[in-house]
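> Submitted below is the structure of interest, expressed as structure tokens.
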Amino acid sequence: VAQINEVAAVAIDVGDFFTAPSVAELATIVDGAQDLREHLPLVSRKRERPLPLSLAQQRMWFINQYDTTSPAYNIPLAVRLRGPLDTTALTDALTDVITRHETLRTHYPDSDDGPHQVVHDPSPLEPIGTVIDENELGEQLARFVTAGFDVAAEIPLRVALFEIGSTDHVLALVVHHICADGSSLMPLAHDLMTAYEARVSGRAPTWTPLPVQYGDYTLWQRETLGSEDDPESIISQQIRYWTHTLTNLPEVLELPTDHPRPPQQTLHGAAIDFTIDNDTHHALTELAHREHTTVFMVCHAALTILLARLTNTTDITIGTPIAGRTHPHLDNLIGMFVGTLVLRNTVAPTHTFTDLLHHIRDTDIAAFAHADLPFERLVELLNPPRSTAHAPLTQVMLAFQNTAPVALELPSLTTECVDAGLEQAKFDLTLMLDESVDAGIAGHLVYATDLFDEPTARAFADRYLRLLDTVVREPSVTVGEIDVLDGADRVLVPGRGPQGEPPVLLPDMLTTAAAIDPSAPALFCDNRELSYRELDDQSN
């Protein structure tokens, strides 16, 4: 859509692809679309002083300043390099990449007018390299990627090279989310490969200059979206859509947890892996094509049903990340573009799965057509009850990947990605589905260990697989009749416990305790002690 709009100077949206699924039909829509030849071009421009943050960067800045020691928004890349590594060429290549992408040499100080971007001039990277033993790698790497950043005082980029042997190294990079996103790892790896190949040959890289830098995008984004004071601006139109769509949204999706929700998220997480096999994947694809949807939409519908069953509710919201690269000039740029869409659907138990799928298709398309309003601004506008115990608006994420994995290939070296050991749970559950043409779909379920134990998360994944198998075999099945339990689950269903005690107010409980044994110790603090009678008297 971004490429068509740029080349043809029109404004079509994702929904037009579903309205006009053939090239001929789409061409007709493009011919009749609004001519935007006067629209604001994304070009390199003279910088304002100070250079503002992008809308997505603003929340990253506030989160970082709340706790500069937290690694929650660190993005690591660790690669093992085996073979004759030219460390000087690698250092020069990293300098080339940092020079090429301004965002890798930018920090974000505060001012009376709020935080802004300060881009530093290119400078040679200091020599890197630390000699370690193999058995130290895990600990050293974990310490490196989990250290925090203060983005207001330092450039949020760190590079390390761990030398395990003369022909065995691990290159580790970590950036803060304020200056990059997951999709940035692809251009980062590509540019590093290009630069290293040039440097080992004794020359500087000869790459095509980037058409714009992140600062240019920041200015373009703000001007394109317009002012919220203008009711006809893009941002005002999208605000109206989202405030209507998410009105009266439940504060939290109450999943069945193993542990009480703590008052503040620790963000500690773990993950389980599973696979949607080839046969099921092919059946999902055929179902998606038959119903004029996508595999993502089918997986979204299945997850919606599972959450409705787990929570015994019908109002289900799921977040999904979007690349946010709405212009071809942004494809090869390192920067923070990713956004979050909140997809809200009602699950009617009497509807068929295909009914729900069509409803979800409409919901998803409408959301994608209003994806320019940053999630961070949406949270501010809706102003839900703020809590440190859970994420706002949605507590479950669905991330669907169908792009090539990041690969770093360097001359005379064999490379292998290394697990950096940074598993953060920003949400209660995050389901990541990685689609491959020939290898099915790899599932990765990240769960908050504050809330769930591993067997529970495993059960969630098993039920999701069981649900997918059911809907691809019988898409017309009624949603309320889909069985998500296995034999072991079903054995527990008829169980009933004893009648619960009647509810008692906390003050009455304390008074009763004081009457039973008034002299018994109730509180200890700093060598002081209060009996139940004293505590009851003082609290009264």
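Numbering starts fresh at 1 for the residues of each chain in the structure tokens, the chains themselves are lettered A, B, ... in the order given, and ligands are numbered from 1 as they appear.
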Just want the 9 Å neighbourhood of A:Leu225, counted on only C-alpha atoms, with same-chain residues fewer than 3 positions away dropped. Output as JSON, numbers by chain.

{"A": [220, 221, 222, 228, 233, 234, 235, 236, 372, 373]}

> Residues at most 7 Å from A:Asp216, counting only C-alpha atoms, excluding those fewer than 2 positions away in the same chain, as a ChimeraX atom specification?

/A:43-45,212-214,218-220

> Give me the residues of stretch 116-190 of chain A that have any atom at most 12 Å from an atom of stretch 48-63 of chain A; for each, the nearest atom pair and the distance in Å, rounded to one decimal. Use only C-alpha atoms, sort by chain and number, and format it as JSON lines.


{"residue": "A:His116", "atom": "CA", "partner": "A:Pro52", "partner_atom": "CA", "distance": 4.6}
{"residue": "A:Gln117", "atom": "CA", "partner": "A:Leu51", "partner_atom": "CA", "distance": 5.3}
{"residue": "A:Val118", "atom": "CA", "partner": "A:Leu51", "partner_atom": "CA", "distance": 7.2}
{"residue": "A:Val119", "atom": "CA", "partner": "A:Leu51", "partner_atom": "CA", "distance": 9.0}
{"residue": "A:Gly148", "atom": "CA", "partner": "A:Ile63", "partner_atom": "CA", "distance": 11.9}
{"residue": "A:Phe149", "atom": "CA", "partner": "A:Trp61", "partner_atom": "CA", "distance": 10.7}
{"residue": "A:Asp150", "atom": "CA", "partner": "A:Trp61", "partner_atom": "CA", "distance": 9.2}
{"residue": "A:Val151", "atom": "CA", "partner": "A:Trp61", "partner_atom": "CA", "distance": 7.2}
{"residue": "A:Ala152", "atom": "CA", "partner": "A:Trp61", "partner_atom": "CA", "distance": 8.0}
{"residue": "A:Ala153", "atom": "CA", "partner": "A:Trp61", "partner_atom": "CA", "distance": 11.5}
{"residue": "A:Pro156", "atom": "CA", "partner": "A:Trp61", "partner_atom": "CA", "distance": 11.3}
{"residue": "A:His176", "atom": "CA", "partner": "A:Met60", "partner_atom": "CA", "distance": 8.9}
{"residue": "A:His177", "atom": "CA", "partner": "A:Met60", "partner_atom": "CA", "distance": 7.0}
{"residue": "A:Ile178", "atom": "CA", "partner": "A:Gln57", "partner_atom": "CA", "distance": 5.4}
{"residue": "A:Cys179", "atom": "CA", "partner": "A:Gln57", "partner_atom": "CA", "distance": 7.9}
{"residue": "A:Ala180", "atom": "CA", "partner": "A:Gln57", "partner_atom": "CA", "distance": 9.7}
{"residue": "A:Asp181", "atom": "CA", "partner": "A:Ala56", "partner_atom": "CA", "distance": 10.8}

> Which is closest to A:Thr87 among A:Thr28, A:Thr280, A:Leu171, A:Ala72, if we use only C-alpha atoms?

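Distance minimum relative to A:Thr87 lands on A:Leu171.
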
> Find the residues near A:Asp355: any atom within 12 Å, counting only C-alpha atoms, skip ones fewer than 6 places away on the same chain, and give them as a list of chain:residue names.

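Those residues are A:Glu291, A:Val298, A:Ala301, A:Thr346, A:Val347, A:Ala348, A:Pro349, A:Arg361, A:Asp362, A:Val471, A:Pro475, A:Ser476, A:Val477, A:Thr478, A:Val479.
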